Every structure is written in structure tokens, then in C-alpha cells.
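Just query.cif here, mmCIF, C-alpha atoms and all ligand atoms:
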```
data_model
loop_
_atom_site.label_atom_id
_atom_site.label_comp_id
_atom_site.auth_asym_id
_atom_site.auth_seq_id
_atom_site.Cartn_x
_atom_site.Cartn_y
_atom_site.Cartn_z
CA MET A 15 -21.01 -35.76 16.61
CA LEU A 16 -19.72 -32.98 18.83
CA SER A 17 -20.55 -29.45 17.67
CA VAL A 18 -19.93 -25.97 19.04
CA VAL A 19 -23.32 -24.25 18.92
CA VAL A 20 -23.90 -20.59 19.63
CA GLU A 21 -27.49 -20.86 20.81
CA GLN A 22 -27.93 -17.12 21.07
CA ALA A 23 -25.68 -14.16 21.74
CA HIS A 24 -23.39 -14.86 24.75
CA ARG A 25 -24.52 -18.49 25.02
CA MET A 26 -22.37 -21.24 23.57
CA ALA A 27 -22.41 -25.00 24.15
CA VAL A 28 -20.48 -28.04 23.01
CA CYS A 29 -23.20 -30.56 22.32
CA GLU A 30 -23.85 -33.94 20.79
CA ARG A 31 -25.87 -33.72 17.54
CA PRO A 32 -26.83 -36.22 14.83
CA ASN A 33 -24.35 -36.46 11.96
CA PRO A 34 -25.52 -34.41 8.96
CA VAL A 35 -26.26 -36.16 5.64
CA PRO A 36 -24.75 -34.56 2.53
CA ALA A 37 -27.37 -33.15 0.13
CA GLU A 38 -27.07 -33.21 -3.65
CA GLY A 39 -23.82 -31.55 -4.73
CA GLU A 40 -22.34 -31.66 -1.21
CA VAL A 41 -19.50 -33.47 0.48
CA ARG A 42 -19.40 -34.29 4.18
CA VAL A 43 -16.13 -33.28 5.81
CA ARG A 44 -14.81 -35.09 8.88
CA VAL A 45 -13.24 -31.97 10.41
CA ARG A 46 -9.74 -32.24 11.89
CA LEU A 47 -8.72 -28.64 12.73
CA ALA A 48 -10.68 -25.39 12.71
CA GLY A 49 -9.36 -21.86 13.30
CA VAL A 50 -10.89 -19.41 15.76
CA CYS A 51 -11.44 -16.04 14.08
CA GLY A 52 -12.44 -12.59 15.30
CA SER A 53 -15.74 -13.01 13.50
CA ASP A 54 -16.52 -16.16 15.54
CA LEU A 55 -16.04 -14.01 18.65
CA HIS A 56 -18.34 -11.37 17.14
CA ILE A 57 -21.05 -13.98 16.57
CA PHE A 58 -20.68 -15.16 20.16
CA HIS A 59 -20.96 -11.56 21.40
CA GLY A 60 -24.03 -10.88 19.23
CA LYS A 61 -22.18 -8.37 17.04
CA ASN A 62 -22.47 -10.03 13.64
CA PRO A 63 -25.45 -8.57 11.75
CA PHE A 64 -25.73 -11.53 9.34
CA VAL A 65 -25.87 -14.50 11.69
CA THR A 66 -29.03 -16.31 12.75
CA TYR A 67 -29.10 -18.45 15.91
CA PRO A 68 -28.69 -21.22 16.83
CA ARG A 69 -25.59 -21.63 14.69
CA VAL A 70 -22.67 -24.05 14.48
CA ILE A 71 -19.91 -21.51 13.88
CA GLY A 72 -16.44 -21.87 12.33
CA HIS A 73 -15.43 -20.95 8.77
CA GLU A 74 -11.71 -21.89 8.73
CA PHE A 75 -11.43 -25.67 8.64
CA VAL A 76 -9.68 -28.67 7.21
CA GLY A 77 -10.50 -32.37 7.29
CA HIS A 78 -11.26 -35.40 5.13
CA VAL A 79 -14.24 -36.07 2.88
CA ASP A 80 -16.04 -39.06 4.39
CA ALA A 81 -19.32 -39.09 2.42
CA VAL A 82 -20.72 -37.49 -0.74
CA GLY A 83 -24.19 -36.47 -1.86
CA ALA A 84 -25.88 -37.21 -5.19
CA GLY A 85 -23.98 -35.93 -8.20
CA VAL A 86 -20.58 -35.90 -6.47
CA SER A 87 -17.93 -38.46 -7.44
CA ALA A 88 -17.32 -41.10 -4.77
CA LEU A 89 -13.63 -40.75 -5.68
CA ARG A 90 -13.58 -37.71 -3.43
CA ILE A 91 -14.08 -39.87 -0.33
CA GLY A 92 -10.85 -39.87 1.65
CA GLU A 93 -9.58 -36.65 0.08
CA ARG A 94 -8.02 -34.15 2.50
CA VAL A 95 -9.79 -30.83 1.93
CA VAL A 96 -9.88 -27.23 3.08
CA VAL A 97 -13.18 -25.39 2.81
CA ASP A 98 -13.81 -21.99 1.24
CA PRO A 99 -16.76 -20.64 3.26
CA VAL A 100 -18.08 -18.37 0.47
CA VAL A 101 -21.29 -19.75 -1.08
CA SER A 102 -22.78 -17.60 -3.81
CA CYS A 103 -25.81 -17.66 -6.15
CA GLY A 104 -24.01 -17.36 -9.49
CA GLN A 105 -26.84 -15.20 -10.89
CA CYS A 106 -26.63 -11.69 -9.41
CA HIS A 107 -24.61 -8.75 -10.76
CA ALA A 108 -21.63 -9.37 -8.46
CA CYS A 109 -21.53 -13.08 -9.34
CA ARG A 110 -21.79 -12.36 -13.06
CA ILE A 111 -18.81 -10.02 -12.99
CA GLY A 112 -16.70 -12.50 -11.01
CA ARG A 113 -17.09 -10.91 -7.57
CA HIS A 114 -19.02 -13.74 -5.97
CA ASN A 115 -17.67 -13.02 -2.46
CA VAL A 116 -20.06 -10.04 -2.37
CA CYS A 117 -22.97 -11.96 -3.89
CA GLN A 118 -26.35 -10.38 -3.21
CA ARG A 119 -27.50 -13.69 -1.73
CA LEU A 120 -24.16 -14.50 -0.08
CA GLN A 121 -24.14 -17.42 2.35
CA VAL A 122 -21.06 -17.82 4.50
CA ILE A 123 -20.45 -21.25 6.00
CA GLY A 124 -20.30 -20.81 9.79
CA VAL A 125 -22.35 -17.59 9.65
CA HIS A 126 -25.45 -18.00 7.46
CA ARG A 127 -25.28 -21.82 7.57
CA ASP A 128 -23.67 -24.34 9.90
CA GLY A 129 -19.89 -24.41 9.91
CA GLY A 130 -16.75 -26.23 10.90
CA PHE A 131 -16.65 -26.20 14.71
CA SER A 132 -18.17 -29.64 14.46
CA GLN A 133 -16.86 -33.14 13.89
CA PHE A 134 -18.78 -33.24 10.60
CA ALA A 135 -19.80 -30.46 8.22
CA CYS A 136 -21.64 -30.70 4.88
CA VAL A 137 -20.49 -28.19 2.29
CA PRO A 138 -20.90 -27.74 -1.48
CA ALA A 139 -18.36 -30.01 -3.21
CA ARG A 140 -16.92 -27.09 -5.18
CA ASN A 141 -16.08 -25.29 -1.90
CA ALA A 142 -13.85 -28.18 -0.74
CA TYR A 143 -10.35 -27.78 -2.20
CA ALA A 144 -7.93 -30.70 -2.18
CA VAL A 145 -4.97 -30.16 0.14
CA PRO A 146 -1.79 -31.40 -1.58
CA ASP A 147 0.26 -34.11 0.14
CA GLY A 148 3.07 -32.66 2.18
CA MET A 149 1.18 -29.63 3.44
CA PRO A 150 0.90 -29.68 7.24
CA THR A 151 -2.73 -29.83 8.35
CA ALA A 152 -2.17 -26.86 10.70
CA SER A 153 -1.01 -24.75 7.74
CA ALA A 154 -4.00 -25.85 5.68
CA ALA A 155 -6.28 -24.76 8.54
CA VAL A 156 -5.04 -21.18 8.06
CA ILE A 157 -5.64 -21.05 4.29
CA GLU A 158 -8.98 -19.24 4.70
CA PRO A 159 -7.64 -16.26 6.69
CA PHE A 160 -4.60 -16.27 4.42
CA ALA A 161 -6.97 -16.02 1.44
CA VAL A 162 -8.51 -12.97 3.15
CA ALA A 163 -5.08 -11.32 3.05
CA ALA A 164 -4.47 -12.48 -0.53
CA ASN A 165 -7.82 -10.99 -1.52
CA ALA A 166 -6.87 -7.62 -0.03
CA THR A 167 -3.56 -7.49 -1.93
CA HIS A 168 -5.33 -8.64 -5.09
CA ARG A 169 -7.86 -5.82 -4.67
CA THR A 170 -5.27 -3.07 -4.14
CA GLY A 171 -2.68 -4.47 -6.52
CA VAL A 172 0.97 -4.40 -5.44
CA LEU A 173 3.66 -2.52 -7.39
CA PRO A 174 7.39 -3.26 -7.07
CA SER A 175 7.94 0.37 -6.01
CA ASP A 176 5.25 0.31 -3.30
CA VAL A 177 6.11 0.99 0.34
CA ALA A 178 3.43 -0.67 2.46
CA LEU A 179 2.10 -0.12 5.96
CA ILE A 180 -0.01 -2.69 7.80
CA TYR A 181 -1.94 -1.62 10.87
CA GLY A 182 -2.09 -4.50 13.35
CA ALA A 183 -0.01 -7.65 13.76
CA GLY A 184 -2.95 -9.96 14.45
CA PRO A 185 -3.65 -12.99 12.25
CA VAL A 186 -4.86 -10.97 9.25
CA GLY A 187 -2.08 -8.36 9.51
CA LEU A 188 0.59 -11.05 9.80
CA ASN A 189 -0.86 -12.92 6.82
CA LEU A 190 -0.79 -9.69 4.82
CA LEU A 191 2.81 -9.25 5.88
CA GLN A 192 3.82 -12.66 4.56
CA VAL A 193 2.12 -11.94 1.23
CA LEU A 194 3.77 -8.52 0.83
CA LYS A 195 7.23 -9.60 2.01
CA ARG A 196 7.50 -13.12 0.62
CA VAL A 197 5.36 -13.05 -2.51
CA TYR A 198 5.93 -9.44 -3.62
CA GLY A 199 9.17 -8.62 -1.77
CA ILE A 200 8.30 -4.99 -1.02
CA ARG A 201 9.27 -2.86 1.98
CA THR A 202 6.45 -3.29 4.51
CA PHE A 203 6.02 -1.61 7.88
CA ILE A 204 3.79 -3.23 10.47
CA THR A 205 2.44 -1.75 13.69
CA ASP A 206 1.13 -3.13 16.95
CA HIS A 207 1.08 -2.35 20.66
CA VAL A 208 2.16 -5.83 21.69
CA ASP A 209 5.86 -6.76 21.43
CA GLU A 210 5.09 -10.48 21.26
CA ARG A 211 2.97 -9.90 18.16
CA LEU A 212 5.75 -7.82 16.63
CA ALA A 213 8.15 -10.68 17.35
CA LEU A 214 5.82 -12.88 15.28
CA ALA A 215 6.02 -10.24 12.55
CA ARG A 216 9.77 -10.96 12.36
CA VAL A 217 8.99 -14.66 11.98
CA CYS A 218 6.61 -13.72 9.14
CA GLY A 219 9.31 -11.79 7.27
CA ALA A 220 9.52 -8.23 8.64
CA ALA A 221 12.99 -6.68 8.99
CA ASP A 222 13.89 -5.10 12.34
CA ASP A 223 13.38 -1.56 11.05
CA GLU A 224 9.99 -2.44 9.59
CA ILE A 225 8.49 -3.12 13.01
CA ILE A 226 6.83 -0.22 14.83
CA ASN A 227 5.44 -0.40 18.35
CA THR A 228 3.02 2.52 18.25
CA ALA A 229 2.61 2.40 22.04
CA ARG A 230 6.22 3.61 22.25
CA GLU A 231 6.71 5.62 19.08
CA PRO A 232 4.24 7.85 17.23
CA LEU A 233 3.62 6.36 13.80
CA ALA A 234 4.33 9.43 11.66
CA ARG A 235 7.68 9.98 13.38
CA ALA A 236 8.59 6.30 13.16
CA LEU A 237 7.99 6.32 9.40
CA GLU A 238 10.00 9.50 9.00
CA ARG A 239 12.92 8.05 10.96
CA ARG A 240 12.87 4.98 8.75
CA GLY A 241 13.07 7.02 5.56
CA ALA A 242 9.39 6.82 4.61
CA ALA A 243 8.52 10.45 5.27
CA GLY A 244 6.66 10.74 1.94
CA GLY A 245 4.13 8.28 3.34
CA PRO A 246 3.32 4.68 2.50
CA THR A 247 1.90 4.15 -0.97
CA LEU A 248 -0.08 1.11 0.14
CA ILE A 249 -1.84 0.85 3.51
CA TYR A 250 -3.92 -1.97 5.00
CA ASP A 251 -6.07 -1.54 8.06
CA ALA A 252 -6.08 -4.89 9.86
CA VAL A 253 -7.07 -3.28 13.18
CA CYS A 254 -10.38 -2.10 11.81
CA HIS A 255 -11.03 0.76 14.21
CA PRO A 256 -12.78 3.75 12.54
CA ALA A 257 -10.02 6.15 13.69
CA ILE A 258 -7.35 4.14 11.86
CA LEU A 259 -8.91 4.82 8.47
CA GLU A 260 -8.85 8.54 9.25
CA GLU A 261 -5.16 8.37 10.16
CA ALA A 262 -4.35 6.25 7.09
CA VAL A 263 -5.91 8.83 4.78
CA GLY A 264 -3.68 11.47 6.37
CA LEU A 265 -0.50 9.36 6.16
CA ALA A 266 -0.87 7.92 2.66
CA ALA A 267 1.43 9.16 -0.10
CA PRO A 268 -0.11 10.88 -3.12
CA ALA A 269 -1.72 8.30 -5.43
CA GLY A 270 -1.77 5.89 -2.48
CA ARG A 271 -4.18 2.97 -2.06
CA ILE A 272 -5.80 1.85 1.17
CA GLY A 273 -7.13 -1.65 1.79
CA VAL A 274 -10.11 -1.60 4.15
CA LEU A 275 -10.96 -4.85 5.94
CA GLY A 276 -13.01 -3.58 8.87
CA PHE A 277 -16.66 -4.20 9.59
CA SER A 278 -17.30 -1.45 12.11
CA ALA A 279 -20.70 0.23 11.92
CA THR A 280 -19.22 3.44 13.38
CA PRO A 281 -18.54 6.10 10.71
CA SER A 282 -15.01 7.31 10.02
CA SER A 283 -14.66 11.00 9.20
CA LEU A 284 -12.67 11.23 5.99
CA PRO A 285 -11.83 14.71 4.72
CA GLN A 286 -12.52 15.03 0.99
CA GLN A 287 -9.54 17.37 0.79
CA ALA A 288 -7.05 14.63 1.70
CA LEU A 289 -8.73 12.06 -0.53
CA THR A 290 -8.96 14.29 -3.58
CA SER A 291 -5.75 16.29 -3.27
CA LYS A 292 -3.78 13.02 -3.18
CA GLU A 293 -6.19 11.06 -5.41
CA LEU A 294 -6.29 8.21 -2.90
CA THR A 295 -8.15 5.01 -3.67
CA LEU A 296 -9.94 2.98 -0.99
CA TYR A 297 -10.36 -0.73 -1.71
CA ALA A 298 -12.77 -2.53 0.57
CA SER A 299 -12.06 -6.25 0.75
CA ARG A 300 -14.44 -8.89 2.10
CA LEU A 301 -13.68 -12.59 2.65
CA ASN A 302 -12.01 -13.92 -0.51
CA CYS A 303 -12.91 -14.29 -4.15
CA ALA A 304 -11.61 -17.67 -5.36
CA MET A 305 -8.16 -17.11 -3.82
CA PHE A 306 -7.73 -20.65 -2.39
CA PRO A 307 -5.87 -22.06 -5.45
CA THR A 308 -3.46 -19.10 -5.37
CA VAL A 309 -2.74 -19.54 -1.67
CA ILE A 310 -2.29 -23.32 -2.00
CA ASP A 311 0.16 -22.68 -4.86
CA TRP A 312 2.14 -20.13 -2.78
CA ILE A 313 2.41 -22.61 0.10
CA MET A 314 3.48 -25.51 -2.12
CA ARG A 315 6.12 -23.33 -3.77
CA GLY A 316 7.52 -22.53 -0.31
CA LEU A 317 6.82 -18.80 -0.61
CA VAL A 318 4.57 -18.55 2.45
CA ASP A 319 3.65 -20.65 5.44
CA PRO A 320 0.30 -19.75 7.03
CA GLY A 321 1.15 -22.15 9.87
CA ARG A 322 3.67 -19.64 11.28
CA ILE A 323 0.98 -17.78 13.17
CA VAL A 324 -0.49 -20.88 14.83
CA THR A 325 0.28 -20.78 18.56
CA HIS A 326 -2.30 -23.16 20.04
CA GLN A 327 -4.29 -26.29 19.29
CA VAL A 328 -7.09 -26.67 21.82
CA ASN A 329 -9.47 -29.60 22.18
CA VAL A 330 -12.95 -28.65 20.96
CA ARG A 331 -14.38 -29.38 24.40
CA ASP A 332 -12.30 -26.47 25.70
CA VAL A 333 -13.68 -23.99 23.17
CA ALA A 334 -14.30 -21.39 25.92
CA TYR A 335 -10.57 -21.48 26.74
CA ALA A 336 -9.72 -21.20 23.03
CA PHE A 337 -11.94 -18.11 22.76
CA ASP A 338 -10.31 -16.57 25.82
CA LEU A 339 -6.87 -17.12 24.31
CA ALA A 340 -7.88 -15.63 20.97
CA GLU A 341 -9.70 -12.68 22.45
CA ASN A 342 -7.82 -11.69 25.58
CA GLN A 343 -4.28 -13.03 25.42
CA PRO A 344 -2.44 -11.45 22.47
CA ARG A 345 0.88 -11.81 24.30
CA VAL A 346 0.74 -15.59 24.30
CA SER A 347 -1.56 -16.42 21.41
CA CYS A 348 -2.15 -15.58 17.78
CA LYS A 349 -4.05 -18.11 15.64
CA VAL A 350 -5.80 -20.62 17.88
CA LEU A 351 -7.00 -23.87 16.30
CA LEU A 352 -9.69 -26.17 17.64
CA ASP A 353 -8.76 -29.84 17.49
CA LEU A 354 -11.71 -31.99 16.42
CA GLY A 355 -9.63 -35.15 15.85
CA GLU A 356 -10.76 -38.73 16.41
CA ASP A 357 -10.97 -38.67 20.19
CA ALA A 358 -12.22 -35.10 20.63
ZN ZN A 401 -12.19 -15.57 9.65
ZN ZN A 402 -24.78 -13.88 -6.50
#
```
Would you mind giving the structure from this file in C-alpha cells?
Amino acid sequence: MLSVVVEQAHRMAVCERPNPVPAEGEVRVRVRLAGVCGSDLHIFHGKNPFVTYPRVIGHEFVGHVDAVGAGVSALRIGERVVVDPVVSCGQCHACRIGRHNVCQRLQVIGVHRDGGFSQFACVPARNAYAVPDGMPTASAAVIEPFAVAANATHRTGVLPSDVALIYGAGPVGLNLLQVLKRVYGIRTFITDHVDERLALARVCGAADDEIINTAREPLARALERRGAAGGPTLIYDAVCHPAILEEAVGLAAPAGRIGVLGFSATPSSLPQQALTSKELTLYASRLNCAMFPTVIDWIMRGLVDPGRIVTHQVNVRDVAYAFDLAENQPRVSCKVLLDLGEDA
């Protein structure tokens, strides 16, 4: 099989490897499409503290079950599945209280163990969710990053009276936008520096006056002009730069909540005065906690379509081009998928 292997930081190869054999409790997935994510780029650049090399990366993928290990029903063979990359121990404190995405012994497929940038991937059977008939495969390939957005809104909660602000119209910000606009129907501002990304925000449900290009208009003034001078009550940082969190704490309305998705190791300086005087709440959100069924249900009910942010499908052999698109070309690309189909 062909696999994308990051052999060490800054060194990646597409190589031929033996097909893996599913262990007890596992299914083998014949991967069709796999999404390129910022964290794949981080692994390539040596900036992910959890990864060990060499590693087959990729944690957003869809395909068909083509073999099963002991203890897994053979009826699953042929099933179209999307894989939740979160593998947890089930024993630790976080697991016991239902927060298994922050398991003490967390294993993320494509980070701690081999992932989906490969023609075959073995994963625990319970991590492979059936994709209902009628769902486009490209939409199913974006369920994982959509679940990341769904997890963030689940963490913060969403009230009908909330006015939201999303920093960043990249894949995660745009997924958040679809959840807030189409599932919850609340007023949601979204920022970016790139007009093409803000055009995608319209496609994902933003109204014209909810789009703010912060390269042209200072954010505080833009919000004021749009009648949100009291500040957003719900803010999500999908840019994940330490300075954004500082600004968000300043902008948030009293009793506001802030969803934090970043993984920067650089400290943000947060004044206690702003936090306490407004009684703000920060909700960190990592990966997703069993959100796949919710997202699949939203898609099948026609509320959201994760496929809206897909701009490219690139043959796996051209993974370097796919990474360049995802990393350096925000004007032409958003979610880039690797195609691992039959003739890859
Ligand atoms: Zn991801
Ligand atoms: Zn655990």
C-alpha cells in the first residue's frame, strides 16, 4: 500500500509499505479520502509535542471496511466509515467522567499511532462510524474537523440570545460558523484578512454584515458599527495566536464565554481585572468528545454541509503540493483532501 510517512521533522515520503493486519477489536479501512489539517503540517514541521517518528499521519479520513480483526462482526466488511481519531483508555478520571478526548493516556490516530494518509489503516472498530447512504464522501471526510467545531460549541453552550464572534475563517472557523448559523441560528461575526476566505464564510451562512476583514477595519470599530458595541457574548479563537486571546478577553461582553482551540506554547497575558470584573469563562476544547453521531445527524437532516469548505482533491502522490496549498495558499484553498482511491 502507499502511505505518507513523516520520517522525522521536515522529511516526508510517499512509500510502499506492507498492508497492516487488523488486531483484535480492529477494522481495516480501505481509505478513500483524507483531509489535510493544520496539525499534520505541525507534525511535518516538528512542532507537535506528542508525535513520535516515523509516523503515517492523517486523522480525518473516510473509506470502506475491508477486513476485521477477532471479535469484530464480519458484517462490517463493505461498510463505508468515517474514523474518529480519539482513542482513550476508559479507566482514568477524564474517561470516567465522560471526557475521554482528554484521556490521561490519550492516543490520537495519525499522531500517536499510524493514521489515514495511507491506502489502508487499522483502527478500533468502535472508532469507525457508519456513513449513511446519500452522504457525499467528500462531506464525510470533513466530519472530524466539523466535530472539533461541534465540540467547541458543546463546551461553551450556545444561548438563543448569544452574539458570537469567530476569529479566523479557516476550516475550523468556517465549521464553527456553520454550526452557529445553521444549527443554532444566532448572529455570528467572523473575521479574517483574506477576502476569499470571507467569501467562503458567506457560503457557510454568514450575512454580509457579519463578515469583517480586520486588515481593513479595526475589529472593535467594526463590531460597534454593526450594533454589537456591548461586545460578543460568545467568542471562539480559531486563529490560535496568543494575542487573540488577550484581545478576546477585552472585547467580550460581561458574562461572556470564550472557546479556546489553540495549542500555542507561548503564554497569553490575561488581566485578572477583565476576567473577574466581567466574570468571563474560558472553555478550552480539544479534538472532540463523541460528537460524530451528532455531526452525522446534522448533515443527514440537511442543517450543515461540511463539504462546503472542500476546495481541492489531490492525489496522494502529490502530498507535497497538497501541503503547500493548505499552508501557503489561503486565497485559493481551504480544506484540501488527499485522494487515496483505487488507482492512487
Ligand atoms: Zn485536524
Ligand atoms: Zn482515559
Could you pull out the residues sitting within 8 Å of ligand ZN 401 (chain A), using all atoms listed in the file, and write them as a CSV table (one decimal) with C-alpha atoms, in the frame of the given file?
```
chain,number,residue,atom,x,y,z
A,49,GLY,CA,-9.4,-21.9,13.3
A,50,VAL,CA,-10.9,-19.4,15.8
A,51,CYS,CA,-11.4,-16.0,14.1
A,52,GLY,CA,-12.4,-12.6,15.3
A,53,SER,CA,-15.7,-13.0,13.5
A,54,ASP,CA,-16.5,-16.2,15.5
A,73,HIS,CA,-15.4,-21.0,8.8
A,74,GLU,CA,-11.7,-21.9,8.7
A,158,GLU,CA,-9.0,-19.2,4.7
A,159,PRO,CA,-7.6,-16.3,6.7
A,162,VAL,CA,-8.5,-13.0,3.2
A,301,LEU,CA,-13.7,-12.6,2.6
```
What does the list of residues within 10 Å of ligand ZN 402 (chain A) look like if you count all atoms listed in the file, written as a ChimeraX atom specification? /A:101-121
With 3 Å on each side, where is the centre of the axis-aligned box around all listed atoms of stretch 263-279 of chain A, and how long are its edges in Å to one decimal, as AutoDock Vina command-line options?
```
--center_x -9.6 --center_y 3.3 --center_z 3.3 --size_x 28.1 --size_y 22.3 --size_z 23.5
```
Taking 4 positions as the minimum chain separation for residues in the same chain, which residues sit within 12 Å of A:Pro63 when counting only C-alpha atoms? Answer as an mmCIF file with C-alpha atoms, in the coordinates of the input.
```
data_model
loop_
_atom_site.group_PDB
_atom_site.id
_atom_site.type_symbol
_atom_site.label_atom_id
_atom_site.label_comp_id
_atom_site.auth_asym_id
_atom_site.auth_seq_id
_atom_site.Cartn_x
_atom_site.Cartn_y
_atom_site.Cartn_z
ATOM 1 C CA ALA A 23 -25.680 -14.160 21.740
ATOM 2 C CA SER A 53 -15.740 -13.010 13.500
ATOM 3 C CA HIS A 56 -18.340 -11.370 17.140
ATOM 4 C CA ILE A 57 -21.050 -13.980 16.570
ATOM 5 C CA PHE A 58 -20.680 -15.160 20.160
ATOM 6 C CA HIS A 59 -20.960 -11.560 21.400
ATOM 7 C CA TYR A 67 -29.100 -18.450 15.910
ATOM 8 C CA VAL A 125 -22.350 -17.590 9.650
ATOM 9 C CA HIS A 126 -25.450 -18.000 7.460
ATOM 10 C CA PHE A 277 -16.660 -4.200 9.590
ATOM 11 C CA SER A 278 -17.300 -1.450 12.110
ATOM 12 C CA ALA A 279 -20.700 0.230 11.920
#
```
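The residue that comes closest to A:Glu341, out of A:Pro185, A:Gly199, A:Gly171, A:Gly72 and on the basis of only C-alpha atoms, is A:Pro185.
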Which residue, A:Ala236, A:Ala242, A:Val177, A:Val76, has the smallest gap to A:Ala155 when you use all atoms listed in the file?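 Distance minimum relative to A:Ala155 lands on A:Val76.
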Would you please work out which residue, of A:Ser132, A:Thr202, A:Ser17, A:Ser283, is nearest to A:Gly187 when using only C-alpha atoms?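 That would be A:Thr202, the residue with the smallest distance to A:Gly187.
Atom CA of A:Asp128 is found 14.3 Å from atom CA of A:Ala27.
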Just give me the gap between atom CA of A:Tyr250 and atom CA of A:Gly270 in Å, one decimal is fine.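 Atom CA of A:Gly270 lies 11.1 Å from atom CA of A:Tyr250.
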Just checking: using all atoms listed in the file, which residue out of A:Ala183, A:Cys303, A:Leu194, A:Ala135 ends up closest to A:His207?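 The shortest atom-to-atom distance to A:His207 comes from A:Ala183.
Take the candidates A:Ile313, A:Leu275, A:Val263, A:Ile225 and check each one against A:Leu289 using only C-alpha atoms; the shortest distance goes to A:Val263.
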Pick the closest to A:Val100 from A:Val28, A:Phe306, A:Met15, A:Ala220: which is it, counting all atoms listed in the file? A:Phe306
9 Å contact set for A:Ala84, only C-alpha atoms, chain neighbours under 3 positions out, as a VMD selection string: chain A and resid 36 to 40 87
Between atom CA of A:Cys254 and atom CA of A:Leu294, what is the distance in Å, rounded to a tenth? 18.4 Å
Near A:Ser347, counting only C-alpha atoms, which residues have an atom at most 7 Å away, once you skip same-chain residues fewer than 6 positions from it, shown as an NGL selection string? :A and (325-326 or 339-340)
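Non-sequential neighbours of A:Val333 (distance at most 9 Å, separation of 4 or more positions within a chain, all atoms listed in the file) are Val18, Ala27, Val28, Val328, Asn329, Phe337, Asp338 and Leu352 of chain A.
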Scan for residues within 8 Å of the point (-11.2, -0.7, 10.2) in the coordinates of the file, using all atoms listed in the file, and reply as a list in words. Asp251, Ala252, Val253, Cys254, His255, Pro256, Ala257, Ile258, Leu259, Val274, Leu275, Gly276, Phe277 and Ser278 of chain A
Can you pull out the residues contacting A:Pro307? Cut-off 12 Å, using all atoms listed in the file, and skip same-chain residues under 3 positions away; I want them as a ChimeraX atom specification. /A:96-98,141-146,154,157-158,160-161,164-165,302-304,310-314
Can I get a file of stretch 283-298 of chain A from the given structure, N, CA, C and O atoms kept, as a PDB file, in the first residue's frame?
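What ended up in result.pdb:
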```pdb
ATOM      1  N   SER A 283      -1.061  37.090  27.907  1.00  0.00           N
ATOM      2  CA  SER A 283      -1.180  37.808  29.183  1.00  0.00           C
ATOM      3  C   SER A 283      -2.627  38.249  29.357  1.00  0.00           C
ATOM      4  O   SER A 283      -3.144  39.069  28.617  1.00  0.00           O
ATOM      5  N   LEU A 284      -3.287  37.644  30.313  1.00  0.00           N
ATOM      6  CA  LEU A 284      -4.707  37.884  30.547  1.00  0.00           C
ATOM      7  C   LEU A 284      -4.876  38.638  31.864  1.00  0.00           C
ATOM      8  O   LEU A 284      -4.545  38.101  32.925  1.00  0.00           O
ATOM      9  N   PRO A 285      -5.360  39.882  31.793  1.00  0.00           N
ATOM     10  CA  PRO A 285      -5.537  40.633  33.037  1.00  0.00           C
ATOM     11  C   PRO A 285      -6.673  40.055  33.887  1.00  0.00           C
ATOM     12  O   PRO A 285      -7.785  39.854  33.394  1.00  0.00           O
ATOM     13  N   GLN A 286      -6.375  39.779  35.149  1.00  0.00           N
ATOM     14  CA  GLN A 286      -7.423  39.270  36.045  1.00  0.00           C
ATOM     15  C   GLN A 286      -8.593  40.238  36.115  1.00  0.00           C
ATOM     16  O   GLN A 286      -9.746  39.828  36.248  1.00  0.00           O
ATOM     17  N   GLN A 287      -8.273  41.540  36.027  1.00  0.00           N
ATOM     18  CA  GLN A 287      -9.321  42.547  36.159  1.00  0.00           C
ATOM     19  C   GLN A 287     -10.428  42.347  35.122  1.00  0.00           C
ATOM     20  O   GLN A 287     -11.608  42.375  35.456  1.00  0.00           O
ATOM     21  N   ALA A 288     -10.026  42.103  33.867  1.00  0.00           N
ATOM     22  CA  ALA A 288     -11.037  41.926  32.818  1.00  0.00           C
ATOM     23  C   ALA A 288     -11.801  40.626  33.033  1.00  0.00           C
ATOM     24  O   ALA A 288     -13.021  40.571  32.866  1.00  0.00           O
ATOM     25  N   LEU A 289     -11.066  39.575  33.399  1.00  0.00           N
ATOM     26  CA  LEU A 289     -11.727  38.277  33.597  1.00  0.00           C
ATOM     27  C   LEU A 289     -12.747  38.353  34.732  1.00  0.00           C
ATOM     28  O   LEU A 289     -13.884  37.919  34.597  1.00  0.00           O
ATOM     29  N   THR A 290     -12.315  38.919  35.859  1.00  0.00           N
ATOM     30  CA  THR A 290     -13.166  38.897  37.049  1.00  0.00           C
ATOM     31  C   THR A 290     -14.265  39.948  36.981  1.00  0.00           C
ATOM     32  O   THR A 290     -15.410  39.675  37.331  1.00  0.00           O
ATOM     33  N   SER A 291     -13.929  41.143  36.512  1.00  0.00           N
ATOM     34  CA  SER A 291     -14.957  42.195  36.511  1.00  0.00           C
ATOM     35  C   SER A 291     -16.122  41.808  35.613  1.00  0.00           C
ATOM     36  O   SER A 291     -17.259  42.168  35.871  1.00  0.00           O
ATOM     37  N   LYS A 292     -15.840  41.040  34.555  1.00  0.00           N
ATOM     38  CA  LYS A 292     -16.923  40.618  33.649  1.00  0.00           C
ATOM     39  C   LYS A 292     -17.349  39.164  33.906  1.00  0.00           C
ATOM     40  O   LYS A 292     -18.229  38.645  33.234  1.00  0.00           O
ATOM     41  N   GLU A 293     -16.724  38.516  34.852  1.00  0.00           N
ATOM     42  CA  GLU A 293     -16.975  37.085  35.121  1.00  0.00           C
ATOM     43  C   GLU A 293     -16.969  36.280  33.821  1.00  0.00           C
ATOM     44  O   GLU A 293     -17.929  35.585  33.490  1.00  0.00           O
ATOM     45  N   LEU A 294     -15.878  36.389  33.090  1.00  0.00           N
ATOM     46  CA  LEU A 294     -15.758  35.632  31.837  1.00  0.00           C
ATOM     47  C   LEU A 294     -15.442  34.173  32.141  1.00  0.00           C
ATOM     48  O   LEU A 294     -14.844  33.854  33.180  1.00  0.00           O
ATOM     49  N   THR A 295     -15.814  33.309  31.226  1.00  0.00           N
ATOM     50  CA  THR A 295     -15.468  31.892  31.346  1.00  0.00           C
ATOM     51  C   THR A 295     -14.697  31.477  30.108  1.00  0.00           C
ATOM     52  O   THR A 295     -15.134  31.731  28.981  1.00  0.00           O
ATOM     53  N   LEU A 296     -13.544  30.846  30.310  1.00  0.00           N
ATOM     54  CA  LEU A 296     -12.766  30.299  29.194  1.00  0.00           C
ATOM     55  C   LEU A 296     -13.018  28.794  29.109  1.00  0.00           C
ATOM     56  O   LEU A 296     -12.896  28.100  30.122  1.00  0.00           O
ATOM     57  N   TYR A 297     -13.380  28.341  27.931  1.00  0.00           N
ATOM     58  CA  TYR A 297     -13.587  26.901  27.718  1.00  0.00           C
ATOM     59  C   TYR A 297     -12.555  26.397  26.716  1.00  0.00           C
ATOM     60  O   TYR A 297     -12.669  26.684  25.525  1.00  0.00           O
ATOM     61  N   ALA A 298     -11.572  25.673  27.187  1.00  0.00           N
ATOM     62  CA  ALA A 298     -10.646  25.040  26.257  1.00  0.00           C
ATOM     63  C   ALA A 298     -11.360  23.849  25.615  1.00  0.00           C
ATOM     64  O   ALA A 298     -12.194  23.200  26.253  1.00  0.00           O
TER      65      ALA A 298
END
```
